[in-house]
>>> print(open('input06.pdb').read())   # PDB, C-alpha atoms
MODEL        1
ATOM      1  CA  ARG A   1     -12.168   5.131 -23.551
ATOM      2  CA  ASP A   2     -10.291   6.155 -20.430
ATOM      3  CA  SER A   3     -12.327   6.253 -17.247
ATOM      4  CA  VAL A   4     -11.924   6.446 -13.500
ATOM      5  CA  VAL A   5     -13.668   4.380 -10.842
ATOM      6  CA  LEU A   6     -13.694   5.722  -7.273
ATOM      7  CA  VAL A   7     -14.624   3.314  -4.475
ATOM      8  CA  ASP A   8     -15.520   4.691  -1.035
ATOM      9  CA  SER A   9     -18.099   3.641   1.518
ATOM     10  CA  ASP A  10     -18.343   7.032   3.245
ATOM     11  CA  PRO A  11     -21.595   8.858   2.395
ATOM     12  CA  ALA A  12     -19.981  12.219   3.276
ATOM     13  CA  ALA A  13     -17.193  11.607   0.740
ATOM     14  CA  HIS A  14     -19.817  10.780  -1.884
ATOM     15  CA  ALA A  15     -21.687  14.005  -1.091
ATOM     16  CA  ARG A  16     -18.425  16.012  -1.472
ATOM     17  CA  PHE A  17     -17.802  14.322  -4.817
ATOM     18  CA  LEU A  18     -21.285  15.208  -6.061
ATOM     19  CA  ALA A  19     -20.947  18.816  -4.871
ATOM     20  CA  ALA A  20     -17.465  19.387  -6.365
ATOM     21  CA  PRO A  21     -17.320  21.984  -9.147
ATOM     22  CA  GLU A  22     -16.850  20.845 -12.739
ATOM     23  CA  GLN A  23     -14.224  23.571 -13.195
ATOM     24  CA  LEU A  24     -11.737  25.052 -10.772
ATOM     25  CA  GLN A  25      -9.381  27.954 -11.422
ATOM     26  CA  VAL A  26      -5.912  27.437  -9.914
ATOM     27  CA  GLY A  27      -3.785  30.464 -10.740
ATOM     28  CA  GLU A  28      -3.572  30.643 -14.510
ATOM     29  CA  TYR A  29      -4.847  27.068 -14.977
ATOM     30  CA  THR A  30      -8.429  25.904 -15.334
ATOM     31  CA  LEU A  31      -8.942  22.346 -14.089
ATOM     32  CA  THR A  32     -11.945  20.602 -15.615
ATOM     33  CA  ARG A  33     -13.592  17.443 -14.339
ATOM     34  CA  ASP A  34     -15.454  15.321 -16.887
ATOM     35  CA  ALA A  35     -18.072  13.617 -14.713
ATOM     36  CA  SER A  36     -19.071  11.340 -17.605
ATOM     37  CA  ARG A  37     -15.677   9.592 -17.261
ATOM     38  CA  ILE A  38     -15.961   9.042 -13.491
ATOM     39  CA  GLU A  39     -17.904   6.249 -11.827
ATOM     40  CA  TYR A  40     -18.329   6.631  -8.081
ATOM     41  CA  VAL A  41     -19.032   3.324  -6.352
ATOM     42  CA  GLN A  42     -20.291   3.703  -2.808
ATOM     43  CA  ALA A  43     -19.127   0.384  -1.363
ATOM     44  CA  ASP A  44     -16.729  -1.242   1.070
ATOM     45  CA  PHE A  45     -13.500  -1.676  -0.897
ATOM     46  CA  PHE A  46     -12.794  -4.975   0.916
ATOM     47  CA  GLU A  47     -16.104  -6.414  -0.304
ATOM     48  CA  TRP A  48     -16.301  -4.774  -3.750
ATOM     49  CA  GLU A  49     -15.380  -7.028  -6.665
ATOM     50  CA  ASP A  50     -14.005  -6.017 -10.039
ATOM     51  CA  ALA A  51     -11.112  -8.435 -10.410
ATOM     52  CA  GLY A  52      -8.648  -7.838 -13.219
ATOM     53  CA  ALA A  53     -10.446  -4.799 -14.607
ATOM     54  CA  PHE A  54      -7.903  -1.992 -14.245
ATOM     55  CA  ASP A  55      -4.652  -0.897 -15.830
ATOM     56  CA  VAL A  56      -3.741   1.380 -12.920
ATOM     57  CA  GLY A  57      -4.657   1.356  -9.234
ATOM     58  CA  ILE A  58      -4.092   4.522  -7.217
ATOM     59  CA  ASP A  59      -4.146   4.798  -3.465
ATOM     60  CA  TRP A  60      -3.130   8.335  -2.629
ATOM     61  CA  GLY A  61      -3.167   8.906   1.099
ATOM     62  CA  LEU A  62      -4.937   5.663   1.972
ATOM     63  CA  ILE A  63      -2.735   2.962   3.450
ATOM     64  CA  GLU A  64      -1.403   5.199   6.233
ATOM     65  CA  HIS A  65      -4.874   4.968   7.793
ATOM     66  CA  PHE A  66      -4.538   1.206   8.325
ATOM     67  CA  PRO A  67      -2.385  -0.358  11.053
ATOM     68  CA  GLY A  68       0.122  -3.154  10.424
ATOM     69  CA  GLU A  69      -1.069  -6.001   8.235
ATOM     70  CA  ARG A  70      -4.204  -4.119   7.200
ATOM     71  CA  LYS A  71      -1.960  -2.101   4.864
ATOM     72  CA  THR A  72      -1.031  -5.355   3.133
ATOM     73  CA  ALA A  73      -4.722  -6.290   2.900
ATOM     74  CA  VAL A  74      -5.500  -2.980   1.141
ATOM     75  CA  LEU A  75      -2.675  -3.520  -1.349
ATOM     76  CA  HIS A  76      -3.778  -7.132  -1.973
ATOM     77  CA  ARG A  77      -7.240  -5.805  -2.881
ATOM     78  CA  PHE A  78      -5.679  -3.350  -5.346
ATOM     79  CA  ALA A  79      -3.546  -6.131  -6.861
ATOM     80  CA  ARG A  80      -6.675  -8.253  -7.319
ATOM     81  CA  CYS A  81      -8.325  -5.419  -9.297
ATOM     82  CA  LEU A  82      -5.359  -4.984 -11.671
ATOM     83  CA  ARG A  83      -5.014  -6.582 -15.077
ATOM     84  CA  GLU A  84      -2.044  -8.898 -15.607
ATOM     85  CA  ASP A  85       0.191  -5.995 -16.729
ATOM     86  CA  GLY A  86      -1.395  -3.399 -14.412
ATOM     87  CA  VAL A  87       0.540  -1.112 -12.096
ATOM     88  CA  GLN A  88      -0.144   0.402  -8.698
ATOM     89  CA  ILE A  89       0.651   3.961  -7.579
ATOM     90  CA  THR A  90       0.853   4.335  -3.812
ATOM     91  CA  ALA A  91       1.492   7.597  -1.984
ATOM     92  CA  VAL A  92       1.740   8.287   1.736
ATOM     93  CA  PRO A  93       2.590  11.343   3.833
ATOM     94  CA  ARG A  94       6.323  11.376   4.490
ATOM     95  CA  ASP A  95       7.680  11.098   8.015
ATOM     96  CA  THR A  96       9.575  14.369   8.383
ATOM     97  CA  PRO A  97       9.712  16.909  11.208
ATOM     98  CA  GLY A  98       7.652  19.321   9.090
ATOM     99  CA  MET A  99       4.884  16.790   8.411
ATOM    100  CA  ARG A 100       4.813  15.685  12.058
ATOM    101  CA  ALA A 101       4.411  19.347  13.068
ATOM    102  CA  PHE A 102       1.690  19.883  10.444
ATOM    103  CA  TYR A 103      -0.390  16.918  11.671
ATOM    104  CA  TRP A 104       0.143  17.961  15.292
ATOM    105  CA  LEU A 105      -0.931  21.575  14.616
ATOM    106  CA  PHE A 106      -4.026  20.524  12.645
ATOM    107  CA  ALA A 107      -4.849  17.416  14.674
ATOM    108  CA  ASP A 108      -8.458  18.474  15.332
ATOM    109  CA  GLU A 109      -9.133  19.059  11.625
ATOM    110  CA  LEU A 110      -7.200  16.163  10.084
ATOM    111  CA  ASN A 111      -6.857  13.281  12.490
ATOM    112  CA  PHE A 112     -10.284  11.689  12.630
ATOM    113  CA  GLY A 113      -8.820   8.224  12.872
ATOM    114  CA  TYR A 114      -5.656   6.214  12.678
ATOM    115  CA  ARG A 115      -2.789   7.699  10.654
ATOM    116  CA  GLU A 116       0.920   6.999  10.248
ATOM    117  CA  LEU A 117       3.659   8.902   8.461
ATOM    118  CA  HIS A 118       6.186   6.814   6.524
ATOM    119  CA  SER A 119       9.730   7.063   5.251
ATOM    120  CA  PRO A 120      10.554   6.065   1.673
ATOM    121  CA  LYS A 121      12.161   2.854   3.010
ATOM    122  CA  GLU A 122       9.024   2.005   5.004
ATOM    123  CA  LEU A 123       6.823   2.468   1.946
ATOM    124  CA  ALA A 124       9.130   0.194  -0.067
ATOM    125  CA  ARG A 125       8.999  -2.438   2.705
ATOM    126  CA  ILE A 126       5.181  -2.291   2.848
ATOM    127  CA  LEU A 127       4.855  -2.741  -0.920
ATOM    128  CA  ASP A 128       7.408  -5.551  -0.940
ATOM    129  CA  SER A 129       5.621  -7.387   1.879
ATOM    130  CA  ALA A 130       2.340  -7.036  -0.053
ATOM    131  CA  GLY A 131       3.921  -8.745  -3.071
ATOM    132  CA  PHE A 132       4.762  -5.763  -5.277
ATOM    133  CA  GLU A 133       7.895  -5.232  -7.319
ATOM    134  CA  ILE A 134       8.808  -1.556  -7.075
ATOM    135  CA  LEU A 135       9.374  -0.066 -10.523
ATOM    136  CA  ALA A 136      10.037   3.559  -9.520
ATOM    137  CA  THR A 137       9.897   5.904  -6.541
ATOM    138  CA  ARG A 138       9.678   9.651  -6.152
ATOM    139  CA  ASN A 139       9.683  11.650  -2.970
ATOM    140  CA  THR A 140       8.690  15.212  -2.263
ATOM    141  CA  PRO A 141       9.331  16.995   1.019
ATOM    142  CA  ASP A 142       5.902  15.819   2.244
ATOM    143  CA  THR A 143       5.040  12.688   0.226
ATOM    144  CA  CYS A 144       6.528   9.285  -0.611
ATOM    145  CA  ILE A 145       5.328   7.850  -3.935
ATOM    146  CA  ALA A 146       5.973   4.402  -5.392
ATOM    147  CA  LEU A 147       5.006   2.727  -8.654
ATOM    148  CA  GLY A 148       4.737  -1.014  -8.336
ATOM    149  CA  LYS A 149       3.645  -4.130 -10.167
ATOM    150  CA  PRO A 150       2.216  -7.182  -8.393
ATOM    151  CA  ARG A 151       4.538 -10.207  -8.442
ATOM    152  CA  ARG A 152       2.322 -12.964  -9.809
TER     153      ARG A 152
ENDMDL
END
>>> encode(input="input06.pdb", output="structure tokens")
Amino acid sequence: RDSVVLVDSDPAAHARFLAAPEQLQVGEYTLTRDASRIEYVQADFFEWEDAGAFDVGIDWGLIEHFPGERKTAVLHRFARCLREDGVQITAVPRDTPGMRAFYWLFADELNFGYRELHSPKELARILDSAGFEILATRNTPDTCIALGKPRR
């Protein structure tokens, strides 16, 4: 059975998760959330343990909130949670003039803490320094995405 585990220590994020609708209409599409397949763990990710339990780790818009070597620490935690053949998907906001303008214009609404924008090369360097082999990359005008596998 496929399932999802979300780990976040923020009580406000947990409240938003609980209040989210089970269905959402987006244009002609109806998105449905099956809450029975989602486990929400309210815990500090750096202290939470579930070593080797997952096929896929996803950090979408996470590591840019950590300075320097803390990014590597986050990715090491993900690697620890992956099975031997598991893969990691990492996405960060892309460092472009448009994204810099967006975060500047909406600074009061979006920038509650530390945040960096990254280039595709920077994301590759971060993953490499955290011990990941990059299997594939994709970039959109506003996001850098990489699929990696921990070098063991």
>>> closest_atom_pairs(input="input06.pdb", of="segment 53-99 of chain A", to="segment 110-123 of chain A", cutoff="7 Å", atoms="all atoms listed in the file", output="CSV")
residue,atom,partner,partner_atom,distance
A:Glu64,CA,A:Glu116,CA,5.0
A:His65,CA,A:Arg115,CA,4.5
A:Phe66,CA,A:Tyr114,CA,6.7
A:Val92,CA,A:His118,CA,6.7
A:Pro93,CA,A:Leu117,CA,5.3
A:Arg94,CA,A:His118,CA,5.0
A:Asp95,CA,A:Leu117,CA,4.6
>>> resolve_selection(input="input06.pdb", expression="the PyMOL selection byres ((chain A and resi 127) around 9)", output="PyMOL selection string")
chain A and resi 71-72+75+90+122-126+128-134+146+148
>>> residues_near_point(input="input06.pdb", point="(-0.5, 0.3, -16.5)", cutoff="7 Å", atoms="only C-alpha atoms", output="list in words")
Asp55, Val56, Asp85, Gly86 and Val87 of chain A
>>> closest_residue(input="input06.pdb", among="A:Glu49, A:Asp108, A:Asp34, A:Glu28", to="Ser3 of chain A", atoms="only C-alpha atoms")
A:Asp34
>>> resolve_selection(input="input06.pdb", expression="the PyMOL selection byres ((chain A and resi 82-84) around 9)", output="JSON list (two decimals) with C-alpha atoms, in the frame of the given file")
[["chain", "number", "residue", "atom", "x", "y", "z"],
["A", 50, "ASP", "CA", -14.00, -6.02, -10.04],
["A", 51, "ALA", "CA", -11.11, -8.44, -10.41],
["A", 52, "GLY", "CA", -8.65, -7.84, -13.22],
["A", 53, "ALA", "CA", -10.45, -4.80, -14.61],
["A", 54, "PHE", "CA", -7.90, -1.99, -14.24],
["A", 55, "ASP", "CA", -4.65, -0.90, -15.83],
["A", 56, "VAL", "CA", -3.74, 1.38, -12.92],
["A", 57, "GLY", "CA", -4.66, 1.36, -9.23],
["A", 78, "PHE", "CA", -5.68, -3.35, -5.35],
["A", 79, "ALA", "CA", -3.55, -6.13, -6.86],
["A", 80, "ARG", "CA", -6.68, -8.25, -7.32],
["A", 81, "CYS", "CA", -8.32, -5.42, -9.30],
["A", 85, "ASP", "CA", 0.19, -6.00, -16.73],
["A", 86, "GLY", "CA", -1.40, -3.40, -14.41],
["A", 87, "VAL", "CA", 0.54, -1.11, -12.10],
["A", 88, "GLN", "CA", -0.14, 0.40, -8.70],
["A", 150, "PRO", "CA", 2.22, -7.18, -8.39],
["A", 152, "ARG", "CA", 2.32, -12.96, -9.81]]
>>> atom_distance(input="input06.pdb", atom1="atom CA of Met99 of chain A", atom2="atom CA of Asp10 of chain A")
25.7 Å
>>> axis_aligned_box(input="input06.pdb", around="segment 10-20 of chain A", padding_each_side="4 Å", output="AutoDock Vina command-line options")
--center_x -19.4 --center_y 13.2 --center_z -1.5 --size_x 12.5 --size_y 20.4 --size_z 17.6
>>> closest_residue(input="input06.pdb", among="A:Val7, A:Ala91, A:Ala12, A:Leu105", to="Glu39 of chain A", atoms="all atoms listed in the file")
A:Val7
>>> atom_distance(input="input06.pdb", atom1="atom CA of Lys149 of chain A", atom2="atom CA of Val74 of chain A")
14.6 Å
>>> resolve_selection(input="input06.pdb", expression="the PyMOL selection byres ((chain A and resi 44) around 8)", output="list of chain:residue names")
A:Val7, A:Asp8, A:Ser9, A:Gln42, A:Ala43, A:Phe45, A:Phe46, A:Glu47, A:Trp48
>>> atom_distance(input="input06.pdb", atom1="atom CA of Pro141 of chain A", atom2="atom CA of Gly98 of chain A")
8.6 Å
>>> residues_around(input="input06.pdb", residues="Glu22 of chain A", least_positions_apart="3", cutoff="8 Å", atoms="all atoms listed in the file", output="CSV table (one decimal) with C-alpha atoms, in the frame of the given file")
chain,number,residue,atom,x,y,z
A,32,THR,CA,-11.9,20.6,-15.6
A,33,ARG,CA,-13.6,17.4,-14.3
A,34,ASP,CA,-15.5,15.3,-16.9
A,35,ALA,CA,-18.1,13.6,-14.7
